[in-house]
$ cat coords.cif   # mmCIF, C-alpha atoms and all ligand atoms
data_upload
loop_
_atom_site.label_atom_id
_atom_site.label_comp_id
_atom_site.auth_asym_id
_atom_site.auth_seq_id
_atom_site.Cartn_x
_atom_site.Cartn_y
_atom_site.Cartn_z
CA MET E 176 -13.57 -23.15 -0.97
CA ILE E 177 -12.24 -20.17 0.88
CA SER E 178 -14.48 -18.89 3.56
CA PHE E 179 -15.16 -15.17 3.51
CA ASP E 180 -17.23 -15.19 6.67
CA ALA E 181 -14.27 -15.18 9.02
CA HIS E 182 -14.51 -13.89 12.58
CA THR E 183 -14.62 -10.27 13.54
CA ARG E 184 -11.32 -8.71 14.63
CA ARG E 185 -10.73 -5.04 15.15
CA GLU E 186 -7.47 -3.64 13.86
CA PRO E 187 -5.55 -2.47 16.92
CA SER E 188 -4.25 1.09 17.16
CA PRO E 189 -0.45 1.09 16.97
CA PRO E 190 1.29 1.98 20.23
CA PRO E 191 3.50 5.10 20.40
CA ALA E 192 6.43 4.70 18.03
CA SER E 193 9.76 3.55 19.35
CA ARG E 194 12.69 5.21 17.60
CA TRP E 195 14.51 3.03 15.11
CA THR E 196 17.90 4.12 13.87
CA VAL E 197 18.82 3.27 10.30
CA ALA E 198 21.72 1.20 11.69
CA GLU E 199 19.29 -0.86 13.80
CA VAL E 200 17.09 -1.50 10.79
CA GLU E 201 20.14 -2.45 8.73
CA ALA E 202 21.16 -4.87 11.45
CA LEU E 203 17.79 -6.61 11.01
CA TYR E 204 18.39 -6.80 7.24
CA ASP E 205 21.82 -8.32 7.96
CA LEU E 206 20.43 -11.21 10.03
CA PRO E 207 20.73 -14.68 8.52
CA PHE E 208 17.64 -15.12 6.33
CA MET E 209 16.20 -17.95 8.44
CA ASP E 210 16.70 -16.04 11.70
CA LEU E 211 15.08 -12.95 10.20
CA LEU E 212 12.04 -14.88 9.00
CA TYR E 213 11.70 -16.70 12.32
CA ARG E 214 11.76 -13.42 14.20
CA ALA E 215 9.27 -11.79 11.82
CA GLN E 216 6.92 -14.75 12.14
CA GLN E 217 7.14 -14.59 15.94
CA VAL E 218 6.26 -10.88 15.95
CA HIS E 219 3.50 -11.51 13.43
CA ARG E 220 1.89 -14.18 15.59
CA GLU E 221 1.91 -11.94 18.67
CA HIS E 222 -0.46 -9.54 16.93
CA PHE E 223 -2.26 -11.33 14.10
CA ASP E 224 -3.80 -14.59 13.06
CA ALA E 225 -0.96 -15.90 10.87
CA ASN E 226 -3.44 -17.69 8.59
CA GLU E 227 -5.42 -14.59 7.61
CA VAL E 228 -4.88 -12.16 4.76
CA GLN E 229 -6.83 -8.95 4.19
CA LEU E 230 -8.06 -8.26 0.64
CA SER E 231 -8.30 -4.75 -0.84
CA THR E 232 -9.39 -3.99 -4.39
CA LEU E 233 -7.98 -1.01 -6.26
CA LEU E 234 -9.72 1.19 -8.80
CA SER E 235 -8.18 4.03 -10.74
CA VAL E 236 -10.91 6.69 -10.61
CA LYS E 237 -8.81 9.21 -12.54
CA THR E 238 -6.04 7.85 -14.72
CA GLY E 239 -2.94 9.39 -16.30
CA GLY E 240 -1.97 12.90 -17.30
CA CYS E 241 -0.43 13.59 -13.88
CA ALA E 242 1.63 16.78 -13.47
CA GLU E 243 4.18 15.06 -11.19
CA ASP E 244 7.34 13.42 -12.52
CA CYS E 245 7.70 10.33 -10.26
CA GLY E 246 10.26 8.24 -12.14
CA TYR E 247 8.48 4.92 -11.50
CA CYS E 248 5.01 5.98 -12.56
CA PRO E 249 3.26 5.17 -15.83
CA GLN E 250 0.67 7.89 -15.13
CA SER E 251 3.02 10.88 -15.22
CA ALA E 252 2.41 13.29 -18.12
CA HIS E 253 6.21 13.74 -18.26
CA PHE E 254 6.71 10.28 -19.81
CA ASP E 255 5.33 8.58 -22.87
CA THR E 256 3.98 5.28 -21.56
CA GLY E 257 0.85 4.85 -23.65
CA VAL E 258 -1.46 5.34 -20.63
CA LYS E 259 -4.53 7.25 -21.75
CA ALA E 260 -5.59 10.13 -19.51
CA THR E 261 -9.20 10.04 -18.29
CA LYS E 262 -11.52 12.36 -16.41
CA LEU E 263 -12.73 11.64 -12.89
CA MET E 264 -15.04 8.61 -13.07
CA PRO E 265 -18.78 9.05 -12.40
CA VAL E 266 -19.82 7.91 -8.91
CA THR E 267 -22.22 5.30 -10.33
CA GLU E 268 -19.36 3.52 -12.14
CA VAL E 269 -17.23 3.55 -9.01
CA VAL E 270 -20.07 2.07 -6.96
CA GLU E 271 -20.60 -0.64 -9.56
CA ALA E 272 -16.91 -1.61 -9.37
CA ALA E 273 -17.02 -1.56 -5.57
CA ARG E 274 -20.07 -3.82 -5.54
CA ALA E 275 -18.25 -6.29 -7.82
CA ALA E 276 -15.15 -6.17 -5.57
CA LYS E 277 -17.29 -6.93 -2.53
CA ALA E 278 -18.95 -9.84 -4.31
CA GLN E 279 -15.47 -11.26 -5.03
CA GLY E 280 -14.59 -11.07 -1.33
CA ALA E 281 -12.72 -7.77 -0.92
CA THR E 282 -13.26 -5.94 2.37
CA ARG E 283 -11.63 -2.63 1.42
CA PHE E 284 -12.01 -0.57 -1.73
CA CYS E 285 -9.13 1.77 -2.65
CA MET E 286 -9.74 4.58 -5.09
CA GLY E 287 -6.69 6.15 -6.73
CA ALA E 288 -6.34 9.36 -8.74
CA ALA E 289 -3.33 10.49 -10.78
CA TRP E 290 -3.17 13.94 -9.27
CA ARG E 291 -0.59 16.13 -7.59
CA SER E 292 -3.53 17.08 -5.35
CA PRO E 293 -7.32 17.25 -5.71
CA LYS E 294 -8.92 20.51 -6.86
CA GLY E 295 -11.54 22.20 -4.71
CA ARG E 296 -14.16 21.57 -7.40
CA ASP E 297 -13.60 17.79 -7.18
CA MET E 298 -14.21 17.47 -3.45
CA ALA E 299 -18.01 17.09 -3.53
CA HIS E 300 -17.65 14.32 -6.12
CA LEU E 301 -14.97 12.56 -4.05
CA THR E 302 -16.87 12.73 -0.77
CA GLU E 303 -19.94 11.34 -2.53
CA MET E 304 -17.82 8.39 -3.73
CA VAL E 305 -16.67 7.69 -0.19
CA ARG E 306 -20.22 7.84 1.20
CA GLU E 307 -21.64 5.53 -1.46
CA VAL E 308 -18.85 2.94 -1.31
CA ARG E 309 -19.04 2.89 2.47
CA ALA E 310 -22.81 2.41 2.28
CA LEU E 311 -22.09 -0.94 0.59
CA GLY E 312 -20.40 -2.09 3.80
CA LEU E 313 -16.84 -1.79 2.47
CA GLU E 314 -13.95 -0.02 4.12
CA THR E 315 -12.84 2.94 2.04
CA CYS E 316 -9.36 4.08 1.07
CA MET E 317 -8.28 6.88 -1.25
CA THR E 318 -5.00 8.04 -2.71
CA LEU E 319 -5.30 11.44 -4.39
CA GLY E 320 -1.91 13.09 -3.86
CA MET E 321 -1.29 15.98 -1.48
CA LEU E 322 -4.15 17.17 0.74
CA ASP E 323 -4.63 20.34 2.74
CA GLY E 324 -6.23 20.17 6.17
CA GLU E 325 -9.68 21.11 4.96
CA GLN E 326 -9.68 18.40 2.28
CA ALA E 327 -8.54 15.78 4.79
CA ARG E 328 -11.34 16.76 7.18
CA ALA E 329 -13.95 16.69 4.39
CA LEU E 330 -12.89 13.15 3.44
CA LYS E 331 -12.99 12.08 7.08
CA ASP E 332 -16.48 13.55 7.50
CA ALA E 333 -17.62 11.59 4.46
CA GLY E 334 -16.43 8.41 6.23
CA LEU E 335 -13.03 7.78 4.63
CA ASP E 336 -11.29 5.03 6.63
CA TYR E 337 -7.76 5.10 5.10
CA TYR E 338 -5.63 7.47 3.06
CA ASN E 339 -2.71 6.06 1.06
CA HIS E 340 0.26 8.37 0.64
CA ASN E 341 3.63 6.67 0.28
CA LEU E 342 7.06 7.93 1.28
CA ASP E 343 8.31 5.55 -1.40
CA THR E 344 12.03 5.62 -0.56
CA ALA E 345 14.68 7.04 1.76
CA THR E 346 14.91 10.83 2.19
CA GLU E 347 18.30 11.10 0.51
CA PHE E 348 17.25 9.08 -2.56
CA TYR E 349 13.87 10.79 -3.05
CA GLY E 350 15.25 13.65 -5.17
CA ASP E 351 16.71 11.11 -7.64
CA ILE E 352 13.20 9.74 -8.27
CA VAL E 353 10.83 12.71 -7.93
CA GLY E 354 11.61 16.33 -8.82
CA THR E 355 8.22 18.04 -8.61
CA ARG E 356 7.66 17.72 -4.84
CA SER E 357 9.70 17.12 -1.73
CA TYR E 358 9.83 14.48 0.98
CA GLN E 359 8.63 17.17 3.39
CA ASP E 360 5.51 17.68 1.19
CA ARG E 361 4.74 13.98 1.70
CA LEU E 362 5.29 14.20 5.48
CA ASP E 363 3.07 17.29 5.68
CA THR E 364 0.15 15.53 3.96
CA LEU E 365 0.61 12.49 6.20
CA ALA E 366 0.43 14.75 9.27
CA ARG E 367 -2.80 16.35 7.99
CA VAL E 368 -4.36 12.94 7.31
CA ARG E 369 -3.42 11.81 10.81
CA ALA E 370 -4.74 15.03 12.36
CA ALA E 371 -8.07 14.56 10.56
CA GLY E 372 -8.40 11.13 12.22
CA ILE E 373 -8.06 9.06 9.05
CA HIS E 374 -6.04 5.83 9.25
CA VAL E 375 -2.70 6.17 7.49
CA CYS E 376 -1.61 3.80 4.72
CA CYS E 377 2.00 4.59 3.89
CA GLY E 378 4.81 2.52 2.44
CA GLY E 379 7.20 2.47 -0.45
CA ILE E 380 8.79 0.82 -3.45
CA VAL E 381 11.68 -1.62 -3.58
CA GLY E 382 13.78 -2.01 -6.72
CA MET E 383 14.32 1.57 -7.88
CA GLY E 384 18.11 1.26 -7.72
CA GLU E 385 18.31 2.15 -4.02
CA THR E 386 20.94 0.62 -1.74
CA ARG E 387 20.10 -1.65 1.19
CA ALA E 388 20.95 1.25 3.51
CA GLN E 389 18.34 3.33 1.68
CA ARG E 390 15.76 0.56 2.00
CA ALA E 391 16.55 0.55 5.71
CA GLY E 392 16.21 4.34 5.68
CA LEU E 393 12.68 4.09 4.25
CA ILE E 394 11.65 1.50 6.84
CA ALA E 395 13.11 3.60 9.68
CA GLN E 396 11.19 6.67 8.41
CA LEU E 397 7.94 4.71 8.37
CA ALA E 398 8.51 3.05 11.73
CA ASN E 399 9.38 6.39 13.34
CA LEU E 400 6.19 8.12 12.26
CA ASP E 401 4.33 8.75 15.48
CA PRO E 402 2.26 6.65 15.46
CA TYR E 403 3.49 4.41 12.69
CA PRO E 404 1.02 3.75 9.82
CA GLU E 405 -1.84 1.31 10.35
CA SER E 406 -1.16 -0.04 6.86
CA VAL E 407 2.23 -0.36 5.12
CA PRO E 408 2.25 -1.24 1.41
CA ILE E 409 5.54 -2.66 0.16
CA ASN E 410 5.61 -2.41 -3.64
CA ASN E 411 8.08 -4.20 -5.87
CA LEU E 412 8.77 -1.84 -8.77
CA VAL E 413 6.72 -2.73 -11.85
CA PRO E 414 9.02 -1.50 -14.59
CA VAL E 415 6.97 0.30 -17.23
CA GLU E 416 8.30 1.11 -20.71
CA GLY E 417 8.68 4.87 -21.16
CA THR E 418 9.37 5.65 -17.48
CA PRO E 419 12.93 6.52 -16.41
CA LEU E 420 12.97 3.37 -14.26
CA ALA E 421 11.93 1.00 -17.06
CA GLY E 422 15.41 -0.53 -17.08
CA ALA E 423 16.02 -0.64 -13.31
CA GLU E 424 17.89 -3.72 -12.12
CA PRO E 425 15.38 -5.95 -10.27
CA VAL E 426 16.18 -6.61 -6.60
CA ASP E 427 17.02 -10.11 -5.47
CA PRO E 428 13.62 -11.61 -4.53
CA PHE E 429 14.99 -12.60 -1.11
CA GLU E 430 15.94 -8.98 -0.48
CA PHE E 431 12.29 -8.12 -1.13
CA VAL E 432 11.24 -10.78 1.42
CA ARG E 433 13.74 -9.32 3.90
CA THR E 434 12.11 -5.90 3.44
CA ILE E 435 8.70 -7.36 4.33
CA ALA E 436 10.19 -9.06 7.40
CA VAL E 437 11.92 -5.89 8.55
CA ALA E 438 8.67 -3.91 8.11
CA ARG E 439 6.83 -6.52 10.18
CA ILE E 440 9.38 -6.44 13.01
CA THR E 441 9.63 -2.65 13.20
CA MET E 442 5.87 -2.04 12.85
CA PRO E 443 4.43 -5.05 14.71
CA GLN E 444 0.77 -4.03 14.67
CA ALA E 445 0.63 -2.59 11.15
CA VAL E 446 -1.02 -4.49 8.35
CA VAL E 447 1.86 -5.07 5.91
CA ARG E 448 0.61 -5.18 2.36
CA LEU E 449 2.34 -7.23 -0.34
CA SER E 450 1.47 -4.69 -3.04
CA ALA E 451 2.59 -4.04 -6.63
CA GLY E 452 4.76 -6.64 -8.33
CA ARG E 453 2.86 -9.83 -7.44
CA GLU E 454 1.99 -10.50 -11.08
CA GLN E 455 5.71 -11.05 -11.69
CA MET E 456 6.19 -13.25 -8.59
CA GLU E 457 6.15 -17.02 -8.33
CA ASP E 458 3.67 -18.45 -5.85
CA GLY E 459 6.56 -19.72 -3.69
CA LEU E 460 7.96 -16.22 -3.34
CA GLN E 461 4.56 -14.87 -2.34
CA ALA E 462 4.30 -17.62 0.29
CA LEU E 463 7.66 -16.49 1.69
CA CYS E 464 6.32 -12.91 1.85
CA PHE E 465 3.34 -14.14 3.90
CA LEU E 466 5.72 -16.08 6.14
CA ALA E 467 7.73 -12.87 6.58
CA GLY E 468 4.60 -11.15 7.91
CA ALA E 469 2.73 -9.74 4.92
CA ASN E 470 -0.98 -10.00 5.69
CA SER E 471 -2.73 -8.03 3.00
CA ILE E 472 -2.81 -8.00 -0.80
CA PHE E 473 -4.43 -6.10 -3.63
CA TYR E 474 -7.08 -8.42 -4.97
CA GLY E 475 -8.48 -8.01 -8.48
CA ASP E 476 -7.10 -8.27 -12.00
CA LYS E 477 -5.68 -4.76 -12.13
CA LEU E 478 -3.69 -2.45 -9.87
CA LEU E 479 -4.12 1.12 -11.20
CA THR E 480 -2.84 0.74 -14.76
CA THR E 481 -0.76 -2.46 -14.60
CA ALA E 482 -1.72 -6.10 -14.16
CA ASN E 483 -2.30 -7.87 -10.86
CA PRO E 484 -2.83 -11.65 -10.57
CA GLU E 485 -6.36 -12.65 -11.55
CA ALA E 486 -8.74 -13.02 -8.62
CA ALA E 487 -9.21 -16.74 -9.36
CA ARG E 488 -5.43 -17.33 -9.21
CA ASP E 489 -5.28 -15.54 -5.86
CA ARG E 490 -8.17 -17.54 -4.47
CA ALA E 491 -6.38 -20.71 -5.53
CA LEU E 492 -3.13 -19.52 -3.94
CA LEU E 493 -4.83 -18.68 -0.64
CA GLU E 494 -6.53 -22.04 -0.64
CA ARG E 495 -3.26 -23.92 -1.30
CA LEU E 496 -1.67 -22.06 1.62
CA SER E 497 -4.78 -22.53 3.84
CA LEU E 498 -4.96 -18.76 4.19
CA ARG E 499 -8.34 -17.25 5.02
CA ALA E 500 -9.57 -13.90 3.77
CA ALA E 501 -9.80 -11.67 6.85
CA ASP E 502 -13.13 -10.19 7.73
CA GLN E 503 -13.49 -6.43 7.77
CA ALA E 504 -11.18 -4.85 10.32
CA GLY E 505 -13.69 -2.40 11.75
N1 LIG I 601 -0.99 10.37 -7.17
C1 LIG I 601 -1.07 9.85 -5.87
C2 LIG I 601 0.27 9.78 -5.17
O1 LIG I 601 1.29 9.84 -5.80
O2 LIG I 601 0.26 9.64 -3.95
C3 LIG I 601 -1.73 8.49 -5.79
C4 LIG I 601 -1.45 7.43 -6.82
S1 LIG I 601 0.22 6.81 -6.91
C5 LIG I 601 0.11 5.84 -8.37
C6 LIG I 601 0.31 5.63 -5.56
C7 LIG I 601 1.56 4.84 -5.39
O3 LIG I 601 1.66 3.84 -6.39
C8 LIG I 601 2.89 5.53 -5.47
O4 LIG I 601 3.22 6.24 -4.31
C9 LIG I 601 3.83 4.35 -5.66
O5 LIG I 601 4.24 3.84 -4.42
C10 LIG I 601 2.97 3.32 -6.37
N2 LIG I 601 3.43 3.07 -7.73
C11 LIG I 601 3.23 3.84 -8.83
N3 LIG I 601 3.82 3.29 -9.92
C12 LIG I 601 4.41 2.15 -9.50
C13 LIG I 601 5.17 1.14 -10.17
N4 LIG I 601 5.45 1.23 -11.45
N5 LIG I 601 5.61 0.10 -9.45
C14 LIG I 601 5.34 0.02 -8.13
N6 LIG I 601 4.63 0.93 -7.45
C15 LIG I 601 4.16 2.00 -8.12
C1 LIG I 602 0.33 1.35 -3.26
O1 LIG I 602 1.25 1.44 -2.42
N1 LIG I 602 0.39 0.61 -4.36
C2 LIG I 602 -0.82 0.76 -5.15
C3 LIG I 602 -1.71 1.65 -4.23
N2 LIG I 602 -0.82 1.99 -3.17
C4 LIG I 602 -2.40 2.81 -4.78
C5 LIG I 602 -0.57 1.28 -6.52
C6 LIG I 602 0.39 0.44 -7.34
C7 LIG I 602 0.47 1.00 -8.69
C8 LIG I 602 1.30 0.17 -9.61
C9 LIG I 602 1.42 0.77 -10.97
C10 LIG I 602 0.13 0.90 -11.71
O2 LIG I 602 -0.67 -0.05 -11.77
O3 LIG I 602 -0.09 1.96 -12.33
FE1 LIG I 603 1.22 11.31 -10.29
FE2 LIG I 603 1.04 9.72 -8.15
FE3 LIG I 603 2.07 8.81 -10.47
FE4 LIG I 603 3.44 10.54 -9.04
S1 LIG I 603 2.87 8.47 -8.38
S2 LIG I 603 3.12 10.63 -11.26
S3 LIG I 603 1.82 11.80 -8.19
S4 LIG I 603 -0.01 9.45 -10.11
#

$ encode --input "coords.cif" --output "structure tokens"
Amino acid sequence: MISFDAHTRREPSPPPASRWTVAEVEALYDLPFMDLLYRAQQVHREHFDANEVQLSTLLSVKTGGCAEDCGYCPQSAHFDTGVKATKLMPVTEVVEAARAAKAQGATRFCMGAAWRSPKGRDMAHLTEMVREVRALGLETCMTLGMLDGEQARALKDAGLDYYNHNLDTATEFYGDIVGTRSYQDRLDTLARVRAAGIHVCCGGIVGMGETRAQRAGLIAQLANLDPYPESVPINNLVPVEGTPLAGAEPVDPFEFVRTIAVARITMPQAVVRLSAGREQMEDGLQALCFLAGANSIFYGDKLLTTANPEAARDRALLERLSLRAADQAG
């Protein structure tokens, strides 16, 4: 059995960012695979227990019908993907799902909404969700699109621990993927979240047809945020029929592992999350991702609209790798 009563460890605050040039990040990517993994594992062990993985459960609290046109996303109203649009979920249903996630061993509950940004009229409902989920003893995370300063502060006051808002790819490739907002819009929201005192969860997607230099560009952007994010999700594109990226060429799995390793080395104290795409991965590949420094996963049968490995399969995988579920970070 996996033990969920692991020891208490507070997540450290990242130190001031050191500047990474894209060329320096590319040089890490270019290392021989074994050297890169060795280095990533060394950095990982300086800051974390290498046998611990943090478990977050996702819930889509408002699905589909999104006004944005992100080329990877099944929830955009611009594409016909068969995802049914829903209204914002009642707080009682969210709390029920959070309670179930906690019972399964998750320590963080992430609530996602398919919005460009929340409306003023939704804020009371959202802050109530945060308060009630937190009252269960779970860490809270939300991803709701762009926020203004007032919204960020209201979420912080309600007790929101993390806000997820991804940069997704390199600056120069962003316009090929998203047309309805800019990279600067993303950076502005991230700055407001940071200013409100909420921990930042920010990462990206691999496998959208970007070059290695553009993958390095994304990692450099993330690592140069000052401070760099406390949590860095690395998603492998889940190709969804109907989206413009449905036919994207998958990246070499070892290139994905390299991306995890490079994120670990450039953001040593961040929790690096092996995010979307695990359903399509062999267990051996996931083990390599953990070796490369990934120390968090989404845990539960569903991501937002697509499949994630079943919780029982993940528990079995962790047990085979002698990985413990990390206790709440604080
Ligand atoms: N609407 C909000 C936003 O865009 O920030 C929050 C939800 S959005 C679905 C959160 C993240 O999910 C995106 O930034 C992207 O990184 C990831 N994502 C969406 N569709 C994906 C896919 N098909 N494969 C991998 N990651 C995906
Ligand atoms: C993140 O970086 N990945 C998660 C979470 N943050 C919100 C979302 C993945 C979504 C995958 C596609 C879907 O299930 O709709
Ligand atoms: Fe909307 Fe977010 Fe999907 Fe973009 S990624 S279409 S903003 S839900």

$ residues_near_ligand --input "coords.cif" --ligand "ligand LIG 602 (chain I)" --cutoff "8 Å" --atoms "all atoms listed in the file" --output "ChimeraX atom specification"
/E:233,248-250,285-287,317-318,339-341,377-380,407-410,412-413,450-452,473,477-482

$ closest_residue --input "coords.cif" --among "E:Gly392, E:Gly239, E:Gly312, E:Pro265" --to "Val437 (chain E)" --atoms "all atoms listed in the file"
E:Gly392

$ atom_distance --input "coords.cif" --atom1 "CA of Pro414 (chain E)" --atom2 "CA of Cys464 (chain E)"
20.2 Å

$ closest_atom_pairs --input "coords.cif" --of "chain E" --to "ligand LIG 603 (chain I)" --cutoff "7 Å" --atoms "only C-alpha atoms and all ligand atoms" --output "Markdown table"
| residue | atom | partner | partner_atom | distance |
| --- | --- | --- | --- | --- |
| E:Gly239 | CA | I:LIG603 | S4 | 6.8 |
| E:Cys241 | CA | I:LIG603 | FE1 | 4.6 |
| E:Ala242 | CA | I:LIG603 | FE1 | 6.3 |
| E:Glu243 | CA | I:LIG603 | S2 | 4.6 |
| E:Asp244 | CA | I:LIG603 | S2 | 5.2 |
| E:Cys245 | CA | I:LIG603 | FE4 | 4.4 |
| E:Cys248 | CA | I:LIG603 | FE3 | 4.6 |
| E:Pro249 | CA | I:LIG603 | FE3 | 6.6 |
| E:Gln250 | CA | I:LIG603 | FE3 | 5.0 |
| E:Ser251 | CA | I:LIG603 | S2 | 4.0 |
| E:Ala288 | CA | I:LIG603 | S4 | 6.5 |
| E:Ala289 | CA | I:LIG603 | S4 | 3.5 |
| E:Trp290 | CA | I:LIG603 | FE1 | 5.2 |
| E:Arg291 | CA | I:LIG603 | S3 | 5.0 |
| E:Gly320 | CA | I:LIG603 | S3 | 5.9 |

$ closest_residue --input "coords.cif" --among "E:Ala260, E:Ala486, E:Ala421, E:Leu203" --to "ligand LIG 601 (chain I)" --atoms "only C-alpha atoms and all ligand atoms"
E:Ala421

$ atom_distance --input "coords.cif" --atom1 "CA of Arg220 (chain E)" --atom2 "CA of Ala398 (chain E)"
18.9 Å

$ closest_residue --input "coords.cif" --among "E:Pro404, E:Ile394, E:Asp458, E:Arg453" --to "Ala491 (chain E)" --atoms "all atoms listed in the file"
E:Asp458

$ atom_distance --input "coords.cif" --atom1 "CA of Gln396 (chain E)" --atom2 "CA of Phe465 (chain E)"
22.7 Å

$ decode --input "coords.cif" --residues "region 446-459 of chain E" --atoms "N, CA, C and O atoms" --output "short mmCIF file (atom, residue, chain, number, x, y, z; two decimals), in the first residue's frame"
data_model
loop_
_atom_site.label_atom_id
_atom_site.label_comp_id
_atom_site.auth_asym_id
_atom_site.auth_seq_id
_atom_site.Cartn_x
_atom_site.Cartn_y
_atom_site.Cartn_z
N VAL E 446 8.02 22.92 -8.29
CA VAL E 446 7.43 21.59 -8.45
C VAL E 446 7.13 21.45 -9.95
O VAL E 446 6.43 22.28 -10.52
N VAL E 447 7.73 20.45 -10.59
CA VAL E 447 7.53 20.27 -12.03
C VAL E 447 6.46 19.19 -12.20
O VAL E 447 6.60 18.07 -11.70
N ARG E 448 5.38 19.60 -12.88
CA ARG E 448 4.24 18.68 -12.97
C ARG E 448 4.19 17.99 -14.33
O ARG E 448 4.15 18.65 -15.37
N LEU E 449 4.22 16.67 -14.29
CA LEU E 449 4.01 15.85 -15.49
C LEU E 449 2.50 15.86 -15.72
O LEU E 449 1.76 15.18 -15.02
N SER E 450 2.05 16.68 -16.69
CA SER E 450 0.63 17.04 -16.75
C SER E 450 -0.13 16.28 -17.83
O SER E 450 -0.10 15.05 -17.83
N ALA E 451 -0.78 16.98 -18.76
CA ALA E 451 -1.59 16.28 -19.77
C ALA E 451 -0.72 15.34 -20.61
O ALA E 451 0.47 15.58 -20.81
N GLY E 452 -1.34 14.28 -21.09
CA GLY E 452 -0.64 13.37 -21.99
C GLY E 452 -0.21 12.06 -21.35
O GLY E 452 0.29 11.16 -22.03
N ARG E 453 -0.41 11.91 -20.02
CA ARG E 453 0.05 10.67 -19.37
C ARG E 453 -0.75 9.46 -19.80
O ARG E 453 -0.24 8.34 -19.79
N GLU E 454 -2.03 9.68 -20.15
CA GLU E 454 -2.88 8.56 -20.56
C GLU E 454 -2.26 7.83 -21.77
O GLU E 454 -2.39 6.62 -21.91
N GLN E 455 -1.56 8.61 -22.60
CA GLN E 455 -0.96 8.04 -23.82
C GLN E 455 0.46 7.55 -23.57
O GLN E 455 1.13 7.08 -24.50
N MET E 456 0.97 7.67 -22.35
CA MET E 456 2.37 7.29 -22.08
C MET E 456 2.49 5.93 -21.46
O MET E 456 1.72 5.57 -20.57
N GLU E 457 3.52 5.22 -21.87
CA GLU E 457 3.89 3.95 -21.21
C GLU E 457 4.38 4.27 -19.80
O GLU E 457 4.91 5.36 -19.55
N ASP E 458 4.27 3.27 -18.92
CA ASP E 458 4.77 3.46 -17.55
C ASP E 458 6.27 3.78 -17.54
O ASP E 458 6.75 4.59 -16.74
N GLY E 459 7.02 3.12 -18.43
CA GLY E 459 8.48 3.34 -18.47
C GLY E 459 8.82 4.79 -18.81
O GLY E 459 9.77 5.36 -18.24
#
